[in-house]
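What follows is the content of coords_6.txt (compact mmCIF, N, CA and C atoms).
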# COMPACT_ATOMS: atom_id res chain seq x y z
N MET A 879 -28.43 -22.79 -37.28
CA MET A 879 -27.05 -22.31 -37.36
C MET A 879 -26.94 -21.00 -36.58
N LYS A 880 -25.84 -20.84 -35.84
CA LYS A 880 -25.61 -19.65 -35.04
C LYS A 880 -25.08 -18.52 -35.91
N THR A 881 -25.40 -17.32 -35.49
CA THR A 881 -24.91 -16.15 -36.21
C THR A 881 -23.47 -15.86 -35.80
N LYS A 882 -22.84 -15.04 -36.59
CA LYS A 882 -21.47 -14.65 -36.28
C LYS A 882 -21.41 -13.93 -34.93
N LYS A 883 -22.39 -13.10 -34.66
CA LYS A 883 -22.43 -12.37 -33.40
C LYS A 883 -22.54 -13.33 -32.22
N GLN A 884 -23.38 -14.35 -32.34
CA GLN A 884 -23.54 -15.34 -31.27
C GLN A 884 -22.24 -16.11 -31.04
N LEU A 885 -21.60 -16.50 -32.15
CA LEU A 885 -20.33 -17.23 -32.04
C LEU A 885 -19.25 -16.38 -31.39
N LEU A 886 -19.19 -15.09 -31.73
CA LEU A 886 -18.20 -14.20 -31.14
C LEU A 886 -18.46 -14.02 -29.64
N GLN A 887 -19.72 -13.97 -29.24
CA GLN A 887 -20.06 -13.87 -27.82
C GLN A 887 -19.63 -15.14 -27.08
N GLU A 888 -19.88 -16.29 -27.69
CA GLU A 888 -19.46 -17.56 -27.09
C GLU A 888 -17.94 -17.63 -26.99
N LYS A 889 -17.27 -17.17 -28.04
CA LYS A 889 -15.80 -17.17 -28.05
C LYS A 889 -15.26 -16.31 -26.90
N LYS A 890 -15.85 -15.14 -26.71
CA LYS A 890 -15.42 -14.24 -25.65
C LYS A 890 -15.62 -14.89 -24.28
N LYS A 891 -16.74 -15.59 -24.10
CA LYS A 891 -17.04 -16.25 -22.84
C LYS A 891 -16.04 -17.38 -22.59
N ILE A 892 -15.72 -18.16 -23.62
CA ILE A 892 -14.76 -19.26 -23.49
C ILE A 892 -13.37 -18.73 -23.19
N GLU A 893 -12.98 -17.64 -23.86
CA GLU A 893 -11.66 -17.04 -23.60
C GLU A 893 -11.56 -16.56 -22.16
N LYS A 894 -12.64 -16.01 -21.62
CA LYS A 894 -12.66 -15.57 -20.22
C LYS A 894 -12.50 -16.77 -19.29
N GLN A 895 -13.19 -17.87 -19.59
CA GLN A 895 -13.09 -19.08 -18.77
C GLN A 895 -11.68 -19.65 -18.83
N LEU A 896 -11.07 -19.65 -20.01
CA LEU A 896 -9.70 -20.14 -20.16
C LEU A 896 -8.73 -19.29 -19.35
N LYS A 897 -8.91 -17.98 -19.37
CA LYS A 897 -8.05 -17.08 -18.61
C LYS A 897 -8.17 -17.37 -17.11
N GLU A 898 -9.38 -17.62 -16.63
CA GLU A 898 -9.59 -17.95 -15.22
C GLU A 898 -8.88 -19.25 -14.85
N ILE A 899 -8.94 -20.24 -15.74
CA ILE A 899 -8.27 -21.52 -15.49
C ILE A 899 -6.76 -21.33 -15.48
N GLU A 900 -6.24 -20.54 -16.43
CA GLU A 900 -4.80 -20.27 -16.46
C GLU A 900 -4.35 -19.59 -15.18
N ASN A 901 -5.14 -18.63 -14.68
CA ASN A 901 -4.80 -17.94 -13.43
C ASN A 901 -4.81 -18.90 -12.26
N GLN A 902 -5.76 -19.84 -12.24
CA GLN A 902 -5.82 -20.82 -11.15
C GLN A 902 -4.58 -21.70 -11.16
N GLU A 903 -4.09 -22.03 -12.34
CA GLU A 903 -2.91 -22.87 -12.45
C GLU A 903 -1.63 -22.09 -12.15
N LEU A 904 -1.63 -20.80 -12.41
CA LEU A 904 -0.45 -19.96 -12.25
C LEU A 904 -0.23 -19.52 -10.81
N TYR A 905 -1.30 -19.29 -10.07
CA TYR A 905 -1.22 -18.73 -8.72
C TYR A 905 -1.52 -19.77 -7.65
N ILE A 906 -0.99 -19.52 -6.46
CA ILE A 906 -1.34 -20.30 -5.28
C ILE A 906 -1.83 -19.31 -4.23
N GLU A 907 -2.90 -19.66 -3.56
CA GLU A 907 -3.45 -18.78 -2.52
C GLU A 907 -2.65 -18.92 -1.23
N VAL A 908 -2.42 -17.78 -0.59
CA VAL A 908 -1.75 -17.73 0.71
C VAL A 908 -2.68 -16.96 1.64
N PRO A 909 -3.68 -17.64 2.19
CA PRO A 909 -4.68 -16.94 3.00
C PRO A 909 -4.09 -16.22 4.22
N GLU A 910 -2.99 -16.74 4.76
CA GLU A 910 -2.35 -16.11 5.91
C GLU A 910 -1.89 -14.68 5.59
N LEU A 911 -1.55 -14.43 4.34
CA LEU A 911 -1.10 -13.10 3.92
C LEU A 911 -2.17 -12.36 3.14
N GLY A 912 -3.29 -13.03 2.86
CA GLY A 912 -4.37 -12.40 2.11
C GLY A 912 -4.03 -12.15 0.65
N ILE A 913 -3.18 -13.03 0.10
CA ILE A 913 -2.74 -12.86 -1.29
C ILE A 913 -2.80 -14.18 -2.05
N LYS A 914 -2.62 -14.07 -3.34
CA LYS A 914 -2.25 -15.22 -4.16
C LYS A 914 -1.01 -14.79 -4.92
N ILE A 915 -0.09 -15.73 -5.12
CA ILE A 915 1.20 -15.43 -5.71
C ILE A 915 1.52 -16.48 -6.77
N THR A 916 2.26 -16.07 -7.79
CA THR A 916 2.62 -17.03 -8.83
C THR A 916 3.49 -18.13 -8.24
N LYS A 917 3.28 -19.34 -8.74
CA LYS A 917 4.03 -20.50 -8.25
C LYS A 917 5.41 -20.59 -8.88
N THR A 918 5.62 -19.83 -9.94
CA THR A 918 6.92 -19.80 -10.60
C THR A 918 7.28 -18.35 -10.89
N GLN A 919 8.56 -18.11 -11.07
CA GLN A 919 9.01 -16.78 -11.43
C GLN A 919 8.53 -16.46 -12.85
N GLN A 920 8.16 -15.23 -13.06
CA GLN A 920 7.67 -14.78 -14.35
C GLN A 920 8.68 -13.82 -15.00
N TYR A 921 8.68 -13.79 -16.32
CA TYR A 921 9.50 -12.87 -17.10
C TYR A 921 11.00 -13.08 -16.91
N ASN A 922 11.40 -14.31 -16.68
CA ASN A 922 12.82 -14.61 -16.53
C ASN A 922 13.59 -14.20 -17.78
N GLY A 923 14.78 -13.68 -17.56
CA GLY A 923 15.66 -13.32 -18.66
C GLY A 923 15.46 -11.92 -19.18
N LEU A 924 14.46 -11.20 -18.67
CA LEU A 924 14.25 -9.82 -19.09
C LEU A 924 14.90 -8.87 -18.11
N GLU A 925 15.25 -7.68 -18.59
CA GLU A 925 15.70 -6.63 -17.69
C GLU A 925 14.50 -6.13 -16.90
N TYR A 926 14.74 -5.58 -15.73
CA TYR A 926 13.64 -5.12 -14.88
C TYR A 926 12.78 -4.08 -15.61
N LYS A 927 13.43 -3.17 -16.32
CA LYS A 927 12.67 -2.14 -17.03
C LYS A 927 11.79 -2.75 -18.12
N GLU A 928 12.20 -3.87 -18.69
CA GLU A 928 11.36 -4.57 -19.67
C GLU A 928 10.16 -5.23 -19.00
N ILE A 929 10.39 -5.78 -17.80
CA ILE A 929 9.30 -6.39 -17.04
C ILE A 929 8.25 -5.34 -16.71
N LEU A 930 8.70 -4.13 -16.38
CA LEU A 930 7.77 -3.06 -16.02
C LEU A 930 6.93 -2.59 -17.21
N LYS A 931 7.32 -2.95 -18.41
CA LYS A 931 6.48 -2.67 -19.58
C LYS A 931 5.33 -3.66 -19.67
N GLU A 932 5.48 -4.81 -19.01
CA GLU A 932 4.48 -5.87 -19.05
C GLU A 932 3.52 -5.82 -17.86
N VAL A 933 4.04 -5.44 -16.69
CA VAL A 933 3.23 -5.41 -15.46
C VAL A 933 3.56 -4.16 -14.66
N GLU A 934 2.63 -3.76 -13.80
CA GLU A 934 2.88 -2.63 -12.92
C GLU A 934 3.74 -3.09 -11.75
N GLU A 935 4.58 -2.20 -11.25
CA GLU A 935 5.48 -2.56 -10.16
C GLU A 935 4.71 -3.01 -8.92
N LYS A 936 3.51 -2.47 -8.71
CA LYS A 936 2.73 -2.85 -7.53
C LYS A 936 2.26 -4.31 -7.60
N GLN A 937 2.38 -4.97 -8.76
CA GLN A 937 2.02 -6.37 -8.90
C GLN A 937 3.20 -7.31 -8.59
N ILE A 938 4.39 -6.74 -8.42
CA ILE A 938 5.60 -7.52 -8.19
C ILE A 938 5.81 -7.69 -6.68
N ALA A 939 6.04 -8.92 -6.27
CA ALA A 939 6.25 -9.21 -4.85
C ALA A 939 7.49 -8.49 -4.33
N THR A 940 7.34 -7.85 -3.18
CA THR A 940 8.46 -7.16 -2.54
C THR A 940 9.29 -8.17 -1.75
N HIS A 941 10.48 -7.75 -1.36
CA HIS A 941 11.32 -8.66 -0.56
C HIS A 941 10.65 -8.94 0.79
N ASN A 942 9.95 -7.96 1.38
CA ASN A 942 9.27 -8.21 2.65
C ASN A 942 8.17 -9.25 2.50
N LEU A 943 7.42 -9.17 1.41
CA LEU A 943 6.36 -10.16 1.18
C LEU A 943 6.97 -11.56 1.01
N LEU A 944 8.06 -11.64 0.27
CA LEU A 944 8.70 -12.93 0.06
C LEU A 944 9.28 -13.50 1.36
N ILE A 945 9.80 -12.63 2.21
CA ILE A 945 10.29 -13.08 3.52
C ILE A 945 9.12 -13.60 4.35
N ASP A 946 8.01 -12.85 4.36
CA ASP A 946 6.82 -13.30 5.11
C ASP A 946 6.35 -14.67 4.60
N LEU A 947 6.37 -14.85 3.30
CA LEU A 947 5.95 -16.12 2.73
C LEU A 947 6.89 -17.25 3.14
N ARG A 948 8.19 -16.99 3.12
CA ARG A 948 9.16 -18.01 3.56
C ARG A 948 8.97 -18.36 5.03
N ASN A 949 8.66 -17.36 5.85
CA ASN A 949 8.42 -17.62 7.27
C ASN A 949 7.18 -18.48 7.47
N ILE A 950 6.13 -18.22 6.70
CA ILE A 950 4.93 -19.05 6.76
C ILE A 950 5.26 -20.47 6.31
N ALA A 951 6.04 -20.57 5.24
CA ALA A 951 6.40 -21.89 4.71
C ALA A 951 7.19 -22.68 5.73
N SER A 952 8.11 -22.03 6.42
CA SER A 952 8.92 -22.76 7.39
C SER A 952 8.09 -23.17 8.61
N ASP A 953 7.02 -22.40 8.88
CA ASP A 953 6.14 -22.74 10.00
C ASP A 953 5.17 -23.86 9.65
N SER A 954 4.83 -23.98 8.39
CA SER A 954 3.87 -25.03 8.00
C SER A 954 4.61 -26.17 7.34
N ASN A 955 4.53 -26.23 6.04
CA ASN A 955 5.32 -27.27 5.38
C ASN A 955 5.88 -26.74 4.07
N TRP A 956 7.11 -27.11 3.81
CA TRP A 956 7.79 -26.62 2.61
C TRP A 956 7.19 -27.20 1.34
N LYS A 957 6.47 -28.29 1.48
CA LYS A 957 5.92 -28.92 0.28
C LYS A 957 5.01 -27.96 -0.49
N LYS A 958 4.11 -27.31 0.23
CA LYS A 958 3.16 -26.39 -0.40
C LYS A 958 3.86 -25.18 -1.02
N TYR A 959 4.90 -24.69 -0.36
CA TYR A 959 5.58 -23.48 -0.81
C TYR A 959 7.02 -23.75 -1.26
N SER A 960 7.28 -24.92 -1.79
CA SER A 960 8.64 -25.27 -2.18
C SER A 960 9.23 -24.32 -3.22
N PHE A 961 8.39 -23.68 -3.99
CA PHE A 961 8.86 -22.76 -5.04
C PHE A 961 9.57 -21.53 -4.46
N ILE A 962 9.40 -21.26 -3.19
CA ILE A 962 9.97 -20.07 -2.57
C ILE A 962 11.25 -20.37 -1.80
N LYS A 963 11.64 -21.62 -1.75
CA LYS A 963 12.77 -22.03 -0.91
C LYS A 963 14.11 -21.54 -1.45
N ASP A 964 14.32 -21.59 -2.74
CA ASP A 964 15.60 -21.24 -3.35
C ASP A 964 15.31 -20.33 -4.54
N ILE A 965 15.40 -19.01 -4.34
CA ILE A 965 15.00 -18.07 -5.39
C ILE A 965 16.04 -16.97 -5.58
N TRP A 966 16.01 -16.40 -6.75
CA TRP A 966 16.76 -15.19 -7.05
C TRP A 966 15.89 -14.40 -7.99
N VAL A 967 15.34 -13.28 -7.53
CA VAL A 967 14.37 -12.52 -8.30
C VAL A 967 14.60 -11.02 -8.16
N PHE A 968 14.05 -10.29 -9.13
CA PHE A 968 13.95 -8.85 -8.98
C PHE A 968 12.85 -8.54 -7.98
N VAL A 969 12.99 -7.48 -7.22
CA VAL A 969 11.95 -6.96 -6.35
C VAL A 969 11.93 -5.44 -6.51
N PRO A 970 10.80 -4.80 -6.20
CA PRO A 970 10.79 -3.34 -6.24
C PRO A 970 11.87 -2.79 -5.30
N ASN A 971 12.61 -1.84 -5.77
CA ASN A 971 13.72 -1.29 -5.00
C ASN A 971 13.19 -0.47 -3.82
N PRO A 972 13.49 -0.88 -2.57
CA PRO A 972 12.98 -0.15 -1.42
C PRO A 972 13.78 1.12 -1.11
N ASP A 973 14.94 1.28 -1.75
CA ASP A 973 15.80 2.42 -1.49
C ASP A 973 15.58 3.50 -2.54
N LYS A 974 14.95 4.60 -2.15
CA LYS A 974 14.61 5.66 -3.10
C LYS A 974 15.83 6.30 -3.74
N VAL A 975 16.93 6.41 -2.99
CA VAL A 975 18.13 7.02 -3.54
C VAL A 975 18.70 6.14 -4.66
N ALA A 976 18.86 4.85 -4.38
CA ALA A 976 19.38 3.93 -5.40
C ALA A 976 18.42 3.86 -6.59
N LYS A 977 17.13 3.85 -6.31
CA LYS A 977 16.13 3.78 -7.39
C LYS A 977 16.22 5.02 -8.27
N SER A 978 16.42 6.20 -7.67
CA SER A 978 16.52 7.43 -8.46
C SER A 978 17.77 7.43 -9.35
N LEU A 979 18.76 6.63 -8.98
CA LEU A 979 19.99 6.51 -9.79
C LEU A 979 19.87 5.40 -10.84
N GLY A 980 18.67 4.80 -10.95
CA GLY A 980 18.46 3.77 -11.95
C GLY A 980 18.90 2.39 -11.52
N LYS A 981 19.17 2.21 -10.24
CA LYS A 981 19.58 0.90 -9.74
C LYS A 981 18.34 0.05 -9.48
N VAL A 982 18.47 -1.24 -9.68
CA VAL A 982 17.36 -2.15 -9.42
C VAL A 982 17.73 -3.07 -8.26
N ALA A 983 16.71 -3.70 -7.69
CA ALA A 983 16.94 -4.55 -6.53
C ALA A 983 16.72 -6.01 -6.89
N GLY A 984 17.55 -6.85 -6.32
CA GLY A 984 17.40 -8.29 -6.46
C GLY A 984 17.32 -8.92 -5.09
N PHE A 985 16.58 -10.00 -4.99
CA PHE A 985 16.41 -10.68 -3.71
C PHE A 985 16.77 -12.14 -3.91
N GLY A 986 17.69 -12.62 -3.10
CA GLY A 986 18.08 -14.03 -3.14
C GLY A 986 17.76 -14.69 -1.82
N ALA A 987 17.12 -15.82 -1.87
CA ALA A 987 16.80 -16.57 -0.65
C ALA A 987 17.20 -18.02 -0.88
N TYR A 988 17.93 -18.54 0.06
CA TYR A 988 18.46 -19.90 -0.06
C TYR A 988 18.36 -20.59 1.29
N SER A 989 18.69 -21.85 1.35
CA SER A 989 18.60 -22.59 2.61
C SER A 989 19.56 -22.02 3.66
N TYR A 990 20.65 -21.40 3.23
CA TYR A 990 21.66 -20.90 4.16
C TYR A 990 21.49 -19.42 4.50
N GLY A 991 20.55 -18.72 3.90
CA GLY A 991 20.34 -17.31 4.21
C GLY A 991 19.69 -16.57 3.07
N LEU A 992 19.62 -15.25 3.22
CA LEU A 992 19.02 -14.45 2.16
C LEU A 992 19.72 -13.12 2.04
N ASN A 993 19.57 -12.52 0.86
CA ASN A 993 20.22 -11.24 0.55
C ASN A 993 19.27 -10.35 -0.22
N LEU A 994 19.34 -9.06 0.07
CA LEU A 994 18.65 -8.05 -0.73
C LEU A 994 19.75 -7.24 -1.40
N TYR A 995 19.77 -7.26 -2.71
CA TYR A 995 20.76 -6.51 -3.46
C TYR A 995 20.07 -5.26 -4.01
N THR A 996 20.61 -4.10 -3.68
CA THR A 996 20.00 -2.88 -4.20
C THR A 996 20.98 -2.08 -5.06
N ASP A 997 22.02 -2.73 -5.52
CA ASP A 997 23.01 -2.01 -6.31
C ASP A 997 23.12 -2.55 -7.74
N ARG A 998 22.16 -3.32 -8.16
CA ARG A 998 22.23 -3.89 -9.50
C ARG A 998 22.06 -2.78 -10.55
N ILE A 999 22.75 -2.94 -11.66
CA ILE A 999 22.60 -1.98 -12.75
C ILE A 999 21.25 -2.19 -13.42
N SER A 1000 20.72 -1.15 -14.02
CA SER A 1000 19.35 -1.21 -14.53
C SER A 1000 19.18 -2.18 -15.69
N ASP A 1001 20.26 -2.50 -16.39
CA ASP A 1001 20.12 -3.43 -17.52
C ASP A 1001 20.54 -4.85 -17.14
N CYS A 1002 20.50 -5.16 -15.86
CA CYS A 1002 20.83 -6.50 -15.38
C CYS A 1002 19.74 -7.48 -15.82
N SER A 1003 20.14 -8.60 -16.34
CA SER A 1003 19.19 -9.66 -16.66
C SER A 1003 19.93 -10.99 -16.58
N ASP A 1004 19.17 -12.03 -16.40
CA ASP A 1004 19.73 -13.37 -16.27
C ASP A 1004 18.58 -14.32 -16.53
N SER A 1005 18.85 -15.45 -17.13
CA SER A 1005 17.76 -16.38 -17.42
C SER A 1005 17.08 -16.88 -16.14
N ASN A 1006 17.78 -16.81 -15.00
CA ASN A 1006 17.21 -17.24 -13.72
C ASN A 1006 16.53 -16.11 -12.96
N LEU A 1007 16.68 -14.88 -13.42
CA LEU A 1007 16.19 -13.71 -12.69
C LEU A 1007 14.86 -13.25 -13.28
N GLY A 1008 13.81 -13.37 -12.48
CA GLY A 1008 12.48 -12.95 -12.90
C GLY A 1008 11.80 -12.25 -11.74
N VAL A 1009 10.48 -12.33 -11.69
CA VAL A 1009 9.71 -11.74 -10.59
C VAL A 1009 8.60 -12.69 -10.20
N PHE A 1010 8.14 -12.56 -8.96
CA PHE A 1010 6.92 -13.22 -8.54
C PHE A 1010 5.83 -12.16 -8.57
N LEU A 1011 4.71 -12.49 -9.18
CA LEU A 1011 3.57 -11.58 -9.22
C LEU A 1011 2.59 -11.98 -8.13
N PHE A 1012 1.89 -11.00 -7.58
CA PHE A 1012 0.90 -11.33 -6.57
C PHE A 1012 -0.32 -10.45 -6.74
N GLU A 1013 -1.41 -10.92 -6.18
CA GLU A 1013 -2.67 -10.18 -6.14
C GLU A 1013 -3.27 -10.36 -4.77
N LYS A 1014 -4.02 -9.39 -4.33
CA LYS A 1014 -4.73 -9.53 -3.06
C LYS A 1014 -5.92 -10.46 -3.28
N LEU A 1015 -6.19 -11.28 -2.29
CA LEU A 1015 -7.34 -12.16 -2.36
C LEU A 1015 -8.61 -11.33 -2.18
N GLU A 1016 -9.64 -11.70 -2.92
CA GLU A 1016 -10.92 -11.04 -2.75
C GLU A 1016 -11.51 -11.48 -1.43
N LYS A 1017 -12.07 -10.53 -0.71
CA LYS A 1017 -12.67 -10.84 0.58
C LYS A 1017 -13.94 -11.64 0.38
N GLN A 1018 -14.10 -12.65 1.22
CA GLN A 1018 -15.29 -13.49 1.18
C GLN A 1018 -16.49 -12.70 1.67
N LYS A 1019 -17.61 -12.88 0.98
CA LYS A 1019 -18.84 -12.17 1.37
C LYS A 1019 -19.60 -12.95 2.38

Let me see whether you can do it: turn the structure in this file into structure tokens.
Amino acid sequence: MKTKKQLLQEKKKIEKQLKEIENQELYIEVPELGIKITKTQQYNGLEYKEILKEVEEKQIATHNLLIDLRNIASDSNWKKYSFIKDIWVFVPNPDKVAKSLGKVAGFGAYSYGLNLYTDRISDCSDSNLGVFLFEKLEKQK
């Protein structure tokens, strides 16, 4: 029979493996940009300031990153990146003046064009409005 300590060590190892599997299912690698990004919007329905309590702003995809991803998708195939074709998400506010006034930024991208909104009120939320999270890919050794 295993000791409690052994079982707790096994539990910790299994939880780590489960977390790795969840991350693999949540993210898609984009080697052209050296990142992996969530395949779906995260934290939908929360205000931006609430999202920032859950994740650091540097983990949230910027509008420039999302544009780069859409350009890659249009150059290759939309099938792989279909999640980015029609979006409305919060992005880090690139305008320091608006940000200092408590305004948040939203980015909308559709088949007919795209918009960067930097005049949203800080308590803006919508069930369709979330964020894409990204991480840099680890360099191959």

Notebook entry, point to check: Taking all atoms listed in the file into account, which of A:Lys890, A:Asp1004, A:Lys914, A:Leu930 comes nearest A:Glu1016?
Noted result: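 Closest to A:Glu1016, using all atoms listed in the file: A:Lys914.
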
Notebook entry, point to check: Can you list, as a list in words, every residue of stretch 920-970 of chain A that DSSP puts in alpha helix (DSSP H)?
Noted result: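 Written out, the alpha helix (DSSP H) residues of stretch 920-970 of chain A are Tyr926, Lys927, Glu928, Ile929, Leu930, Lys931, Glu932, His941, Asn942, Leu943, Leu944, Ile945, Asp946, Leu947, Arg948, Asn949, Ile950, Ala951, Ser952 and Asp953 of chain A.
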
For the residues in that selection, give me N, CA and C atoms as a PDB file, keeping the file's coordinate frame.
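The new file result_25.pdb reads:
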ATOM      1  N   TYR A 926      14.740  -5.580 -15.730  1.00  0.00           N
ATOM      2  CA  TYR A 926      13.640  -5.120 -14.880  1.00  0.00           C
ATOM      3  C   TYR A 926      12.780  -4.080 -15.610  1.00  0.00           C
ATOM      4  N   LYS A 927      13.430  -3.170 -16.320  1.00  0.00           N
ATOM      5  CA  LYS A 927      12.670  -2.140 -17.030  1.00  0.00           C
ATOM      6  C   LYS A 927      11.790  -2.750 -18.120  1.00  0.00           C
ATOM      7  N   GLU A 928      12.200  -3.870 -18.690  1.00  0.00           N
ATOM      8  CA  GLU A 928      11.360  -4.570 -19.670  1.00  0.00           C
ATOM      9  C   GLU A 928      10.160  -5.230 -19.000  1.00  0.00           C
ATOM     10  N   ILE A 929      10.390  -5.780 -17.800  1.00  0.00           N
ATOM     11  CA  ILE A 929       9.300  -6.390 -17.040  1.00  0.00           C
ATOM     12  C   ILE A 929       8.250  -5.340 -16.710  1.00  0.00           C
ATOM     13  N   LEU A 930       8.700  -4.130 -16.380  1.00  0.00           N
ATOM     14  CA  LEU A 930       7.770  -3.060 -16.020  1.00  0.00           C
ATOM     15  C   LEU A 930       6.930  -2.590 -17.210  1.00  0.00           C
ATOM     16  N   LYS A 931       7.320  -2.950 -18.410  1.00  0.00           N
ATOM     17  CA  LYS A 931       6.480  -2.670 -19.580  1.00  0.00           C
ATOM     18  C   LYS A 931       5.330  -3.660 -19.670  1.00  0.00           C
ATOM     19  N   GLU A 932       5.480  -4.810 -19.010  1.00  0.00           N
ATOM     20  CA  GLU A 932       4.480  -5.870 -19.050  1.00  0.00           C
ATOM     21  C   GLU A 932       3.520  -5.820 -17.860  1.00  0.00           C
ATOM     22  N   HIS A 941      10.480  -7.750  -1.360  1.00  0.00           N
ATOM     23  CA  HIS A 941      11.320  -8.660  -0.560  1.00  0.00           C
ATOM     24  C   HIS A 941      10.650  -8.940   0.790  1.00  0.00           C
ATOM     25  N   ASN A 942       9.950  -7.960   1.380  1.00  0.00           N
ATOM     26  CA  ASN A 942       9.270  -8.210   2.650  1.00  0.00           C
ATOM     27  C   ASN A 942       8.170  -9.250   2.500  1.00  0.00           C
ATOM     28  N   LEU A 943       7.420  -9.170   1.410  1.00  0.00           N
ATOM     29  CA  LEU A 943       6.360 -10.160   1.180  1.00  0.00           C
ATOM     30  C   LEU A 943       6.970 -11.560   1.010  1.00  0.00           C
ATOM     31  N   LEU A 944       8.060 -11.640   0.270  1.00  0.00           N
ATOM     32  CA  LEU A 944       8.700 -12.930   0.060  1.00  0.00           C
ATOM     33  C   LEU A 944       9.280 -13.500   1.360  1.00  0.00           C
ATOM     34  N   ILE A 945       9.800 -12.630   2.210  1.00  0.00           N
ATOM     35  CA  ILE A 945      10.290 -13.080   3.520  1.00  0.00           C
ATOM     36  C   ILE A 945       9.120 -13.600   4.350  1.00  0.00           C
ATOM     37  N   ASP A 946       8.010 -12.850   4.360  1.00  0.00           N
ATOM     38  CA  ASP A 946       6.820 -13.300   5.110  1.00  0.00           C
ATOM     39  C   ASP A 946       6.350 -14.670   4.600  1.00  0.00           C
ATOM     40  N   LEU A 947       6.370 -14.850   3.300  1.00  0.00           N
ATOM     41  CA  LEU A 947       5.950 -16.120   2.730  1.00  0.00           C
ATOM     42  C   LEU A 947       6.890 -17.250   3.140  1.00  0.00           C
ATOM     43  N   ARG A 948       8.190 -16.990   3.120  1.00  0.00           N
ATOM     44  CA  ARG A 948       9.160 -18.010   3.560  1.00  0.00           C
ATOM     45  C   ARG A 948       8.970 -18.360   5.030  1.00  0.00           C
ATOM     46  N   ASN A 949       8.660 -17.360   5.850  1.00  0.00           N
ATOM     47  CA  ASN A 949       8.420 -17.620   7.270  1.00  0.00           C
ATOM     48  C   ASN A 949       7.180 -18.480   7.470  1.00  0.00           C
ATOM     49  N   ILE A 950       6.130 -18.220   6.700  1.00  0.00           N
ATOM     50  CA  ILE A 950       4.930 -19.050   6.760  1.00  0.00           C
ATOM     51  C   ILE A 950       5.260 -20.470   6.310  1.00  0.00           C
ATOM     52  N   ALA A 951       6.040 -20.570   5.240  1.00  0.00           N
ATOM     53  CA  ALA A 951       6.400 -21.890   4.710  1.00  0.00           C
ATOM     54  C   ALA A 951       7.190 -22.680   5.730  1.00  0.00           C
ATOM     55  N   SER A 952       8.110 -22.030   6.420  1.00  0.00           N
ATOM     56  CA  SER A 952       8.920 -22.760   7.390  1.00  0.00           C
ATOM     57  C   SER A 952       8.090 -23.170   8.610  1.00  0.00           C
ATOM     58  N   ASP A 953       7.020 -22.400   8.880  1.00  0.00           N
ATOM     59  CA  ASP A 953       6.140 -22.740  10.000  1.00  0.00           C
ATOM     60  C   ASP A 953       5.170 -23.860   9.650  1.00  0.00           C
TER      61      ASP A 953
END

Next item on the list: Write out as a ChimeraX atom specification the residues lying within 8 Å of A:Asn922, counting all atoms listed in the file and excluding same-chain residues fewer than 3 positions away.
Entry: /A:919,925,1003-1009

Checklist line | Protein/DNA/RNA residues near (15.4, -0.7, -15.3), cut 9 Å, only C-alpha atoms, as a list in words | finding: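 With a cut-off of 9 Å, the residues come to Glu925, Tyr926, Lys927, Glu928, Ile929, Leu930, Gly980, Lys981, Val982, Ile999, Ser1000, Asp1001 and Cys1002 of chain A.
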
Note to self: So that I can check the surroundings of A:Val969, please list as a list in words every protein, DNA and RNA residue that reaches within 6 Å of it, counting only C-alpha atoms and ignoring chain neighbours fewer than 4 positions away.
What the structure shows: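 Near A:Val969, the qualifying residues are Thr940, Ala983 and Gly984 of chain A.
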
Next item on the list: Would you please work out which residue, of A:Ala951, A:Lys963, A:Ile892, A:Pro970, is nearest to A:Lys936 when using all atoms listed in the file?
Entry: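 Nearest candidate to A:Lys936 out of A:Ala951, A:Lys963, A:Ile892, A:Pro970: A:Pro970.
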
Margin query: Nearest residue to A:Leu947 out of A:Leu924, A:Val908, A:Val975, A:Leu885, using only C-alpha atoms?
Written below: A:Val908

Check: What is the distance, in Å and to one decimal place, between atom CA of A:Leu994 and atom CA of A:Ala939?
Finding: 13.1 Å

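For the set A:Asp973, A:Glu893, A:Glu910, A:Ile965, the residue with the smallest atom-to-atom gap to A:Gly986 is A:Ile965, counting only N, CA and C atoms.
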
Enclose the full set of atoms of stretch 946-958 of chain A listed in the file within a box whose edges lie along x, y and z, apply 4 Å of padding to each of the six sides, and report centre and edge lengths in Å to one decimal as AutoDock Vina command-line options.
--center_x 6.2 --center_y -20.9 --center_z 4.5 --size_x 14.0 --size_y 24.1 --size_z 19.0

Next item on the list: Can you work out which one of A:Leu1011, A:Tyr921, A:Asp964, A:Ser978 has the shortest atom-to-atom distance to A:Leu904, counting only C-alpha atoms?
Entry: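 Ranked by minimum distance to A:Leu904, first place goes to A:Leu1011.
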
Next item on the list: Name the residues of stretch 913-963 of chain A that fall into strand (DSSP E or B) according to DSSP on the backbone, using the chain letters and numbers of this document, as a ChimeraX atom specification.
Entry: /A:913-916,920,938

Checklist line | Counting all atoms listed in the file, the option among A:Ile945, A:Leu886, A:Ile962, A:Leu992 closest to A:Thr918 | finding: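 Smallest distance to A:Thr918 is found for A:Ile962.
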
Note to self: Just the number, please: distance in Å from atom CA of A:Phe985 to atom CA of A:Thr916, one decimal.
What the structure shows: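 About the pair atom CA of A:Phe985 and atom CA of A:Thr916: they are 16.0 Å apart.
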